[in-house]
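Q: Would you mind keeping the following structure in view while I ask a few things?
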2 protein chains.
Amino acid sequence: MLTPDTIEKLKKTATSVRALSMDAVQKANSGHPGLPLGIADLGALLFSQIMRHDPQRPDWADRDRFVLSAGHGSMFLYSLLHLSGYGLSLDEIKNFRQIGSKTPGHPEFGHTVGIETTTGPLGAGFSNAVGMAIAETMLAARFNTAADKIVDHYTYAISGDGCLMEGVSAEAASLAGHLKLGKLIVFYDSNSITIEGDTSIAFTEDVAKRFQAYGWQTLAGDAYDVQQVASLVEEAKRETEKPTLIILKSIIGYGAPNKAGSHSVHGSPLGADEVAASRAHLGIPVDKDFYVFPEVYDYMKDCAAAGRKLFDDWNTRFNAWAKANPELKKEWDLFMSGDLSAAVYPPVKEGDKSATRVASGNTIQSLSESLPFLVGGSADLAPSNNTAMKGAGDYSAANRKGRVMHFGVREHAMGGVANGMLLHGGFRTFCATFLVFSDYMRPTVRLAALMNIPQIFVFTHDSIFVGEDGPTHQPIEHVESLRLIPNLLVLRPADAEETSLCWKLALEEKRRPSCMILTRQNLPWFKKNTDKEKTLKLGYFIAKDEANPEVTVLASGSEVALALGAAAKSKKRVRVISVFSRELFIAQSKGDIAKLLGNGAKVVAAEAGVTTGWKGLASEVLGIDRFGESGPGEKVAERLGLTEENLLAMIER
Amino acid sequence: MLTPDTIEKLKKTATSVRALSMDAVQKANSGHPGLPLGIADLGALLFSQIMRHDPQRPDWADRDRFVLSAGHGSMFLYSLLHLSGYGLSLDEIKNFRQIGSKTPGHPEFGHTVGIETTTGPLGAGFSNAVGMAIAETMLAARFNTAADKIVDHYTYAISGDGCLMEGVSAEAASLAGHLKLGKLIVFYDSNSITIEGDTSIAFTEDVAKRFQAYGWQTLAGDAYDVQQVASLVEEAKRETEKPTLIILKSIIGYGAPNKAGSHSVHGSPLGADEVAASRAHLGIPVDKDFYVFPEVYDYMKDCAAAGRKLFDDWNTRFNAWAKANPELKKEWDLFMSGDLSAAVYPPVKEGDKSATRVASGNTIQSLSESLPFLVGGSADLAPSNNTAMKGAGDYSAANRKGRVMHFGVREHAMGGVANGMLLHGGFRTFCATFLVFSDYMRPTVRLAALMNIPQIFVFTHDSIFVGEDGPTHQPIEHVESLRLIPNLLVLRPADAEETSLCWKLALEEKRRPSCMILTRQNLPWFKKNTDKEKTLKLGYFIAKDEANPEVTVLASGSEVALALGAAAKSKKRVRVISVFSRELFIAQSKGDIAKLLGNGAKVVAAEAGVTTGWKGLASEVLGIDRFGESGPGEKVAERLGLTEENLLAMIER
């Protein structure tokens with residue numbers, strides 16, 4: 001039970017969250033006051049009484065995780081980080097949404113201390129939280145002993161109506177229920193208001209019943225009764241087999257006397273008059289901007305001290321555990337560092353003629369045996385994506401040590417869940433589907449790139465060579481459209497050896513996600529330039545050198561073999577370069593690129609996809625600027641003109 | 001009640017569907033026998049006894065619609081189209097999945113008569129079916145009279161486990177329940193098998209309960225008891241306030257004695273031995289390929305005759321209705337033809353300085369008043385997307401005549417639902433969200449392009465000028481990545497006048513979807529070349545002409561004003577072209593393009609997004625190849641170097 005004194009302090013803290021939030025939005029003349037005002041009480045309760053966290057140790061491995069899935073309410077989080085002592089200054093609050101501030105419009109991971117994930121695109125945070133809860137169970141299963149639970153934390157998230165209308169949260173919720181993530185607690189800020197008006201215009205489903213159908217516990221309460229909310233959290237914790245959705249009835253913009261409860265308060269400043277009226281209504285000095293009650297700072301300092309004690313206690317236990325379990329401790333360090341020095345890649349087999357998805361599968365298998373922290377899986381396409389790791393075990397409610405994820409046919413949630421697992425720490429992750437379905441999960445690929453996290457996306461069946469499945473399943477624009485996402489490494493290897501090397505590149509990335517773009521069909525091995533380690537980082541291998549070329553052919557993936565075939569038949573001096581990463585290739589100096597292109601040689605490019613992106617490098621491009629057709633891959637290629645003959649003609653003319 | 005004789009015929013028909021399906025997959029050595037074998041009985045029942053359709057009149061406006069959301073089971077549909085008399089020959093069945101056949105790997109709208117929508121990407125068909133059911137209610141509300149229901153049909157769909165795991169179906173189902181689409185009947189082929197194995201590895205939710213939570217009726221039965229299934233359909237029809245999900249327990253690959261019930265039968269040919277065993281098991285002559293019992297053809301001929309009678313009866317009623325209601329008939333013809341001659345566009349205001357989203361909103365308003373068949377809406381962003389049509393009424397269960405759709409925060413389903421509405425016929429549709437969230441619905445944009453349907457996607461808030469919302473909400477790569485989708489018209493107008501003209505272009509398209517890419521911020525009007533109608537179709541307007549330019553600047557949208565500003569300050573002779581559609585622009589002849597570019601003049605491009613796509617046209621590109629930042633739009637632009645000064649420097653050097 002909370003004491004009356006604590007409740008009083010919580011209320012004052014909530015009022016301060018409201019004060020900071022409405023003032024910051026007002027000053028920026030931009031932002032979303034509705035959520036922070038609406039559920040400030042929940043925030044005060046969570047950050048002071050419920051969450052196990054130490055603002056001085058934001059990287060504490062066993063801290064509770066918090067995700068504001070409704071990221072537009074960022075001032076909610078910034079206010080609480082400021083009050084809790086995460087080092088976010090009042091000046092930063094005053095600088096809300098300005099260039100260079102630590103308080104951008106939506107919370108950004110890696111930019112502001114205490115932000116666990118970047119949110120804003122609705123529903124994505126929910127899926128991240130599911131991933132974090134999964135990672136917790138995986139670490140707990142590995143490192144907890146009968147004597148000590150060194151991994152034992154909760155994952156909390158706040159979702160609004162918008163998050164829960166999005167398909168990505170539906171997918172993630174179904175998976176979370178299936179996986180019995182008992183330590184995932186999601187608060188649903190049910191304020192019945194969206195941008196177009198009342199939720200009744202579009203969203204009248206029974207959310208509680210839906211979540212029960214997914215296998216969740218659902219509880220309900222009043223967002224302004226902190227004692228009740230605290231009790232509901234206790235109840236959520238008692239249920240260890242099911243994730244819990246706590247539905248809090250709230251009033252958007254609570255505390256703004258004339259605007260609360262209306263959609264006008266969702267995403268626009270209150271206006272000076274309403275700010276003043278709100279201050280009066282809430283008992284904030286009317287003439288004071290960004291006002292925080294002094295006793296709130298005192299209270300939050302006490303809470304931070306309590307958090308520090310939690311950390312210290314954990315740390316003591318951790319040290320004792322480390323001493324008692326030196327082998328486990330060594331493994332813990334390996335998991336936390338993600339050290340790759342033990343990584344084993346399959347040996348290069350000259351003359352190997354396998355699909356790059358198969359080569360990738362072999363690499364994953366080899367890596368899974370040498371890197372125990374590698375986890376991942378597919379959206380129900382493991383046999384096709386070649387992502388199953390034999391001997392690594394299926395992750396499930398019954399086997400938390402399993403490393404093979406079965407995400408189900410849920411690509412969008414898969415990306416978000418995998419991002420959450422990676423963000424949690426302790427694992428390197430990958431996830432997989434057909435390249436054409438990268439479209440289903442594109443928002444999460446983008447978020448990984450924006451967050452600078454080294455997620456690995458495995459996309460197989462990479463072109464019209466998919467064949468008979470036809471145009472719905474044949475990627476045309478996908479490789480190029482992934483290349484357009486900033487800070488994303490797109491790797492399209494041309495043979496088994498390149499595939500293995502690209503995996504190395506992807507794993508060694510620290511601040512960039514990668515996409516492995518892989519073929520369904522077999523590809524022949526080719527002999528590469530000898531300084532492989534060097535050019536690997538530059539995004540290319542020379543497949544056929546020619547000191548003074550008349551024509552240079554740039555190709556990627558399956559088209560490298562095509563280019564080598566055409567080059568062999570050409571009467572000209574032809575250099576062929578396998579550009580497995582165009583981003584890396586063009587990041588070289590202009591001089592280096594010119595040299596590689598043959599200093600004035602005619603440049604031709606070949607790729608089984610849209611030609612747009614190659615036009616800046618090559619004067620002619622053999623590609624495909626229309627949808628594919630259903631038929632055997634080779635025949636489709638012929639029909640669409642992706643032939644050695646046509647490439648040869650380009651080279652010769 | 002079905003007679004024993006009918007049941008016998010249905011069983012034989014189902015057996016023939018199995019024969020054709022397994023043989024076609026076997027012959028192609030590619031495809032998915034699992035579904036067609038699993039629910040052949042349902043198909044036989046639907047196409048012969050339940051659906052109101054006339055195979056001779058596949059364009060009958062009041063036909064029941066059928067969507068195979070689980071599109072990989074295409075042989076199910078092809079078999080039934082063949083047997084029903086849709087003109088799909090046995091040779092086409094034998095040519096399954098071959099180049100040029102009418103039987104591609106997944107069903108393709110517009111390619112094969114009787115296919116209502118292209119399916120394969122899972123869950124998409126489900127959302128199309130919701131859209132078709134919506135369109136039916138809209139037409140019914142407008143055209144039915146007390147005396148005559150000339151619009152009164154059902155929409156049937158078949159979903160597998162995969163479809164129901166996808167978020168897009170979850171979003172669409174929630175919307176369908178909310179909208180009380182009583183004439184939507186979805187069969188759930190619940191065979192408990194997915195590609196990775198048993199659904200229990202990833203999908204253990206209570207689907208029935210989930211759909212009840214959405215406001216659906218749920219029924220359950222045995223896929224092999226046709227009498228029961230027929231009764232369930234009757235029960236579904238009796239429920240007029242709720243859509244119905246009929247859950248049929250089935251066995252994947254039913255009839256293949258050694259493989260049924262296993263995931264091996266989902267997506268691979270049975271193999272010659274198992275085909276033979278299946279024939280023996282099913283009572284098909286073992287030595288006969290593609291065998292159809294003669295009595296099945298007879299039976300289906302009788303069913304087709306019954307269908308023809310249904311059409312004739314309807315047609316008689318329709319003619320009587322037309323005679324009795326000449327004004328309604330005129331309106332009906334207008335809706336069915338989509339005739340645009342009455343379209344009114346807002347007048348051009350020289351000197352207008354409004355955001356293109358506002359100009360678009362004015363255009364939509366004007367069009368909504370002149371074109372009564374225009375319907376559309378937003379994924380909860382109407383006030384921001386400027387898509388509300390005043391006076392057109394909100395579409396809802398209570399107001400089927402409403403034309404403003406409230407899709408909720410469900411972008412992916414929105415695209416699929418809008419496609420379904422358009423496919424149904426009778427309406428021109430649009431749907432809207434922020435450009436950055438085009439990623440959420442990209443699969444449905446692609447499907448619209450693949451289907452050659454003139455959907456209109458309104459994407460506002462088109463660049464870093466979104467400003468304070470920050471990088472999660474600032475599109476960088478999105479315009480370019482939409483341009484990569486084949487057969488998609490991407491329109492990025494530069495002022496209010498261009499916006500209105502682009503709407504005209506989009507509406508007049510017959511076989512291509514369009515994206516309207518619109519600004520949040522104001523843009524000044526500019527004077528265009530005089531032959532506007534001509535160059536509109538070529539994707540450009542000349543914003544500043546110069547007979548013999550030294551530099552030509554290509555720009556789009558908000559960067560046209562930037563280019564005009566820089567050109568005005570330049571000491572060189574500069575031509576500025578507003579390339580509002582690069583696809584149209586580059587579709588011109590090489591000579592015409594060279595002439596426009598100034599026959600050897602230096603070419604510079606400017607666009608507030610990734611530079612990749614302009615590099616084939618311009619030697620220098622002013623753009624943004626990194627994520628944005630949170631701050632006022634103008635300041636973000638300055639920070640990222642998107643300035644008149646930098647463009648001027650490019651022009652001058």
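Ordering of the structure tokens sets the chain letters (A, B, ...); residue numbers start at 1 within each chain; ligands are numbered from 1 in the order shown.
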Identify, on the basis of only C-alpha atoms, every residue whose closest approach to Glu411 (chain A) does not exceed 7 Å; exclude the query and any residue fewer than 4 positions from it along the same chain; express the result as a ChimeraX atom specification.
A: /A:379,415,440-441
Q: Selection from above, C-alpha atoms, as a short mmCIF file (atom, residue, chain, number, x, y, z; two decimals), in the first residue's frame, can you write it?
A:
data_model
loop_
_atom_site.label_atom_id
_atom_site.label_comp_id
_atom_site.auth_asym_id
_atom_site.auth_seq_id
_atom_site.Cartn_x
_atom_site.Cartn_y
_atom_site.Cartn_z
CA ALA A 379 8.67 -15.51 -40.11
CA GLY A 415 11.49 -6.90 -37.10
CA TYR A 440 5.90 -5.92 -44.71
CA MET A 441 8.60 -5.02 -42.19
#
Q: With only C-alpha atoms as the counted atoms, please give the residues lying no more than 9 Å from Leu518 (chain A), apart from itself and same-chain residues fewer than 4 positions off, as a list in words.
A: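 The filter keeps Ala355, Thr356, Arg357, Val358, Ser360, Asn385, Leu435, Val458, Phe459, Thr460, His461, Asp462, Ser463, Leu491, Arg492, Pro493, Ala494, Thr499, Gly557 and Ser558 of chain A.
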Q: Show me, as a list of chain:residue names, the residues that have an atom within 9 Å of His53 (chain B) when counting only C-alpha atoms, minus same-chain residues fewer than 4 positions from it.
A: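 In the requested form, the answer reads B:Phe47, B:Arg57, B:Pro58, B:Trp60, B:Asp62, B:Arg63, B:Asp64, B:Arg65, B:Ala304, B:Ala306, B:Gly307, B:Arg308, B:Leu310, B:Phe311.
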Q: Create the file for the chosen residues now, containing N, CA, C and O atoms and written as a PDB file, in the first residue's frame.
A:
ATOM      1  N   PHE B  47     -18.732 -22.749 -55.224  1.00  0.00           N
ATOM      2  CA  PHE B  47     -18.879 -22.389 -56.641  1.00  0.00           C
ATOM      3  C   PHE B  47     -20.121 -22.998 -57.285  1.00  0.00           C
ATOM      4  O   PHE B  47     -20.579 -22.498 -58.313  1.00  0.00           O
ATOM      5  N   ARG B  57     -20.846 -14.205 -67.243  1.00  0.00           N
ATOM      6  CA  ARG B  57     -20.944 -12.765 -66.966  1.00  0.00           C
ATOM      7  C   ARG B  57     -20.047 -12.428 -65.782  1.00  0.00           C
ATOM      8  O   ARG B  57     -20.524 -12.052 -64.699  1.00  0.00           O
ATOM      9  N   PRO B  58     -18.765 -12.587 -65.962  1.00  0.00           N
ATOM     10  CA  PRO B  58     -17.864 -12.347 -64.815  1.00  0.00           C
ATOM     11  C   PRO B  58     -17.873 -10.897 -64.351  1.00  0.00           C
ATOM     12  O   PRO B  58     -17.371 -10.604 -63.268  1.00  0.00           O
ATOM     13  N   TRP B  60     -20.736  -9.115 -64.002  1.00  0.00           N
ATOM     14  CA  TRP B  60     -22.050  -8.834 -63.413  1.00  0.00           C
ATOM     15  C   TRP B  60     -21.847  -8.028 -62.129  1.00  0.00           C
ATOM     16  O   TRP B  60     -21.191  -8.476 -61.192  1.00  0.00           O
ATOM     17  N   ASP B  62     -23.650  -7.326 -59.664  1.00  0.00           N
ATOM     18  CA  ASP B  62     -24.158  -7.829 -58.381  1.00  0.00           C
ATOM     19  C   ASP B  62     -23.747  -9.276 -58.094  1.00  0.00           C
ATOM     20  O   ASP B  62     -24.364  -9.960 -57.287  1.00  0.00           O
ATOM     21  N   ARG B  63     -22.717  -9.738 -58.755  1.00  0.00           N
ATOM     22  CA  ARG B  63     -22.224 -11.088 -58.452  1.00  0.00           C
ATOM     23  C   ARG B  63     -21.665 -11.127 -57.032  1.00  0.00           C
ATOM     24  O   ARG B  63     -21.192 -10.113 -56.508  1.00  0.00           O
ATOM     25  N   ASP B  64     -21.719 -12.305 -56.431  1.00  0.00           N
ATOM     26  CA  ASP B  64     -20.976 -12.484 -55.189  1.00  0.00           C
ATOM     27  C   ASP B  64     -19.496 -12.389 -55.506  1.00  0.00           C
ATOM     28  O   ASP B  64     -19.035 -12.816 -56.564  1.00  0.00           O
ATOM     29  N   ARG B  65     -18.745 -11.807 -54.566  1.00  0.00           N
ATOM     30  CA  ARG B  65     -17.298 -11.710 -54.768  1.00  0.00           C
ATOM     31  C   ARG B  65     -16.623 -12.850 -54.016  1.00  0.00           C
ATOM     32  O   ARG B  65     -17.058 -13.215 -52.917  1.00  0.00           O
ATOM     33  N   ALA B 304     -23.920 -23.693 -63.680  1.00  0.00           N
ATOM     34  CA  ALA B 304     -23.706 -22.472 -64.456  1.00  0.00           C
ATOM     35  C   ALA B 304     -25.030 -21.993 -65.045  1.00  0.00           C
ATOM     36  O   ALA B 304     -25.317 -20.788 -65.094  1.00  0.00           O
ATOM     37  N   ALA B 306     -27.901 -22.455 -63.718  1.00  0.00           N
ATOM     38  CA  ALA B 306     -28.620 -21.844 -62.591  1.00  0.00           C
ATOM     39  C   ALA B 306     -28.091 -20.432 -62.344  1.00  0.00           C
ATOM     40  O   ALA B 306     -28.851 -19.510 -62.043  1.00  0.00           O
ATOM     41  N   GLY B 307     -26.797 -20.274 -62.494  1.00  0.00           N
ATOM     42  CA  GLY B 307     -26.184 -18.960 -62.324  1.00  0.00           C
ATOM     43  C   GLY B 307     -26.654 -17.993 -63.391  1.00  0.00           C
ATOM     44  O   GLY B 307     -26.926 -16.825 -63.124  1.00  0.00           O
ATOM     45  N   ARG B 308     -26.776 -18.521 -64.600  1.00  0.00           N
ATOM     46  CA  ARG B 308     -27.248 -17.670 -65.690  1.00  0.00           C
ATOM     47  C   ARG B 308     -28.673 -17.218 -65.416  1.00  0.00           C
ATOM     48  O   ARG B 308     -29.041 -16.070 -65.663  1.00  0.00           O
ATOM     49  N   LEU B 310     -29.942 -16.799 -62.491  1.00  0.00           N
ATOM     50  CA  LEU B 310     -29.860 -15.767 -61.453  1.00  0.00           C
ATOM     51  C   LEU B 310     -29.557 -14.416 -62.083  1.00  0.00           C
ATOM     52  O   LEU B 310     -30.152 -13.400 -61.725  1.00  0.00           O
ATOM     53  N   PHE B 311     -28.603 -14.452 -63.027  1.00  0.00           N
ATOM     54  CA  PHE B 311     -28.276 -13.198 -63.694  1.00  0.00           C
ATOM     55  C   PHE B 311     -29.482 -12.676 -64.476  1.00  0.00           C
ATOM     56  O   PHE B 311     -29.821 -11.497 -64.393  1.00  0.00           O
TER      57      PHE B 311
END
Q: Can you check which residues of region 493-632 of chain B DSSP gives as strand (DSSP E) on the backbone and send them as a ChimeraX atom specification?
A: /B:514-517,522-524,540-544,551-555,574-579,602-606,620-622
Q: Could you save the residues just selected, with C-alpha atoms, as a PDB file, in the first residue's frame?
A:
ATOM      1  CA  SER B 514      -0.808   7.265 -58.229  1.00  0.00           C
ATOM      2  CA  CYS B 515       0.833   8.693 -55.154  1.00  0.00           C
ATOM      3  CA  MET B 516       0.236  12.349 -54.367  1.00  0.00           C
ATOM      4  CA  ILE B 517       3.293  13.555 -52.453  1.00  0.00           C
ATOM      5  CA  ASN B 522       3.354  26.555 -47.684  1.00  0.00           C
ATOM      6  CA  LEU B 523       4.750  26.836 -51.197  1.00  0.00           C
ATOM      7  CA  PRO B 524       4.557  29.827 -53.542  1.00  0.00           C
ATOM      8  CA  TYR B 540       6.933  18.495 -66.003  1.00  0.00           C
ATOM      9  CA  PHE B 541       6.362  22.211 -66.216  1.00  0.00           C
ATOM     10  CA  ILE B 542       8.964  24.748 -67.113  1.00  0.00           C
ATOM     11  CA  ALA B 543       9.191  27.113 -64.193  1.00  0.00           C
ATOM     12  CA  LYS B 544      11.842  29.399 -65.617  1.00  0.00           C
ATOM     13  CA  VAL B 551      22.577  25.194 -66.417  1.00  0.00           C
ATOM     14  CA  THR B 552      19.307  23.330 -66.148  1.00  0.00           C
ATOM     15  CA  VAL B 553      17.904  22.647 -62.689  1.00  0.00           C
ATOM     16  CA  LEU B 554      15.503  19.778 -62.225  1.00  0.00           C
ATOM     17  CA  ALA B 555      13.483  20.030 -59.047  1.00  0.00           C
ATOM     18  CA  VAL B 574      19.508  28.951 -65.869  1.00  0.00           C
ATOM     19  CA  ARG B 575      16.461  26.948 -66.862  1.00  0.00           C
ATOM     20  CA  VAL B 576      14.341  25.509 -64.061  1.00  0.00           C
ATOM     21  CA  ILE B 577      12.054  22.551 -64.645  1.00  0.00           C
ATOM     22  CA  SER B 578       9.523  21.316 -62.144  1.00  0.00           C
ATOM     23  CA  VAL B 579       9.666  17.547 -62.624  1.00  0.00           C
ATOM     24  CA  LYS B 602      25.107  21.358 -66.976  1.00  0.00           C
ATOM     25  CA  VAL B 603      22.260  19.607 -65.190  1.00  0.00           C
ATOM     26  CA  VAL B 604      21.666  19.978 -61.472  1.00  0.00           C
ATOM     27  CA  ALA B 605      18.853  18.385 -59.502  1.00  0.00           C
ATOM     28  CA  ALA B 606      17.309  19.385 -56.181  1.00  0.00           C
ATOM     29  CA  GLU B 620      25.186  17.190 -59.307  1.00  0.00           C
ATOM     30  CA  VAL B 621      22.302  16.640 -56.922  1.00  0.00           C
ATOM     31  CA  LEU B 622      21.322  18.676 -53.914  1.00  0.00           C
TER      32      LEU B 622
END
Q: Which chain A residues are at most 6 Å from chain B (counting only C-alpha atoms), as a PyMOL selection string?
A: chain A and resi 97-99+104-105+162+165-168+171+178+195-196+202+204-206+209-210+213-214+380+406+408-410+439+442-443+468-470+477+481+484-486+612-613+615-616+626+630-631
Q: Quote the spacing between CA of Val67 (chain A) and CA of Cys303 (chain A) in Å to one decimal place.
A: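 About the pair CA of Val67 (chain A) and CA of Cys303 (chain A): they are 19.8 Å apart.
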Q: Please report, as a PyMOL selection string, each residue of region 31-183 of chain A to which DSSP assigns alpha helix (DSSP H) when run on this structure's backbone.
A: chain A and resi 34-38+40-45+74-84+90-94+124-143+161-165+167-178
Q: Can you list, as a PyMOL selection string, every protein, DNA or RNA residue that comes within 8 Å of Leu270 (chain B) when you count only C-alpha atoms, leaving out same-chain residues fewer than 2 positions away?
A: chain B and resi 22+26+33+256+259+265+268+272-275
Q: Would you kindly return, as a PyMOL selection string, each protein, DNA or RNA residue with an atom no farther than 8 Å from any atom of Val292 (chain B), considering only C-alpha atoms and excluding same-chain residues fewer than 6 positions away?
A: chain B and resi 16+19-20
Q: Any chance you could export the current selection's C-alpha atoms as a short mmCIF file (atom, residue, chain, number, x, y, z; two decimals), in the first residue's frame?
A:
data_model
loop_
_atom_site.label_atom_id
_atom_site.label_comp_id
_atom_site.auth_asym_id
_atom_site.auth_seq_id
_atom_site.Cartn_x
_atom_site.Cartn_y
_atom_site.Cartn_z
CA SER B 16 -11.80 -33.38 -59.43
CA ALA B 19 -7.04 -34.25 -59.23
CA LEU B 20 -6.45 -31.10 -61.23
#
Q: Tell me, as number ranges by chain, which residues lie within 12 Å of Asp222 (chain A), counting only C-alpha atoms; anything in the same chain fewer than 6 positions away does not count.
A: A: 38-39, 41-42, 187-191, 228-232, 246-251
Q: Could those selected residues go to a file with N, CA, C and O atoms, as a compact mmCIF listing (two decimals), in the first residue's frame?
A:
# COMPACT_ATOMS: atom_id res chain seq x y z
N GLY A 38 -2.38 13.41 -19.78
CA GLY A 38 -3.37 12.36 -19.51
C GLY A 38 -2.91 11.33 -18.51
O GLY A 38 -3.67 10.89 -17.64
N ILE A 39 -1.65 10.89 -18.64
CA ILE A 39 -1.21 9.79 -17.78
C ILE A 39 0.04 10.14 -16.98
O ILE A 39 0.85 9.25 -16.66
N ASP A 41 0.21 10.71 -13.92
CA ASP A 41 0.18 9.98 -12.64
C ASP A 41 0.84 8.61 -12.78
O ASP A 41 1.61 8.18 -11.91
N LEU A 42 0.52 7.93 -13.89
CA LEU A 42 1.14 6.63 -14.14
C LEU A 42 2.66 6.78 -14.24
O LEU A 42 3.41 5.98 -13.68
N PHE A 187 0.74 -1.03 -20.34
CA PHE A 187 -0.36 -0.14 -19.95
C PHE A 187 -1.01 0.40 -21.21
O PHE A 187 -0.34 0.88 -22.12
N TYR A 188 -2.31 0.29 -21.22
CA TYR A 188 -3.06 0.84 -22.35
C TYR A 188 -3.71 2.14 -21.88
O TYR A 188 -4.60 2.12 -21.05
N ASP A 189 -3.20 3.22 -22.40
CA ASP A 189 -3.74 4.55 -22.11
C ASP A 189 -5.01 4.71 -22.93
O ASP A 189 -4.98 5.17 -24.06
N SER A 190 -6.12 4.32 -22.33
CA SER A 190 -7.38 4.30 -23.08
C SER A 190 -8.12 5.60 -22.86
O SER A 190 -8.89 5.75 -21.92
N ASN A 191 -7.83 6.54 -23.74
CA ASN A 191 -8.47 7.85 -23.57
C ASN A 191 -9.58 8.09 -24.60
O ASN A 191 -10.19 9.15 -24.61
N GLN A 228 -4.72 2.20 -6.87
CA GLN A 228 -5.29 1.12 -7.66
C GLN A 228 -4.30 0.65 -8.73
O GLN A 228 -4.10 -0.56 -8.91
N VAL A 229 -3.64 1.59 -9.38
CA VAL A 229 -2.70 1.21 -10.44
C VAL A 229 -1.55 0.41 -9.84
O VAL A 229 -1.13 -0.61 -10.40
N ALA A 230 -1.06 0.84 -8.69
CA ALA A 230 0.03 0.10 -8.04
C ALA A 230 -0.42 -1.32 -7.71
O ALA A 230 0.34 -2.29 -7.90
N SER A 231 -1.66 -1.46 -7.27
CA SER A 231 -2.17 -2.79 -6.96
C SER A 231 -2.30 -3.64 -8.22
O SER A 231 -2.03 -4.85 -8.20
N LEU A 232 -2.71 -3.01 -9.30
CA LEU A 232 -2.83 -3.75 -10.56
C LEU A 232 -1.47 -4.25 -11.02
O LEU A 232 -1.35 -5.36 -11.56
N ILE A 246 -2.75 -3.74 -18.79
CA ILE A 246 -3.49 -2.97 -17.79
C ILE A 246 -4.17 -1.81 -18.50
O ILE A 246 -3.51 -0.90 -19.02
N ILE A 247 -5.46 -1.88 -18.56
CA ILE A 247 -6.23 -0.87 -19.30
C ILE A 247 -6.60 0.25 -18.34
O ILE A 247 -7.33 0.04 -17.37
N LEU A 248 -6.05 1.40 -18.59
CA LEU A 248 -6.32 2.55 -17.72
C LEU A 248 -7.22 3.54 -18.44
O LEU A 248 -6.83 4.11 -19.47
N LYS A 249 -8.39 3.73 -17.90
CA LYS A 249 -9.27 4.76 -18.47
C LYS A 249 -8.68 6.11 -18.11
O LYS A 249 -8.40 6.39 -16.93
N SER A 250 -8.44 6.92 -19.09
CA SER A 250 -7.82 8.22 -18.82
C SER A 250 -8.52 9.30 -19.64
O SER A 250 -9.37 9.00 -20.48
N ILE A 251 -8.17 10.52 -19.31
CA ILE A 251 -8.72 11.67 -20.05
C ILE A 251 -7.55 12.37 -20.72
O ILE A 251 -6.60 12.81 -20.05
Q: Skipping near chain neighbours, those fewer than 6 positions away, what residues fall within 9 Å of Leu371 (chain B) using only C-alpha atoms, listed as number ranges by chain?
A: B: 335, 338-340, 342-344
Q: So the first atom is CA of Val186 (chain B) and the second is CA of Val404 (chain B); what is the distance between them in Å, to one decimal place?
A: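 The value is 25.3 Å.
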Q: Kindly indicate which residue among B:Ser341, B:Phe290, B:Asn258, B:Lys534 lies nearest to Glu508 (chain B), using only C-alpha atoms for the distances.
A: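 Going through B:Ser341, B:Phe290, B:Asn258, B:Lys534 one by one, the smallest distance to Glu508 (chain B) is for B:Ser341.
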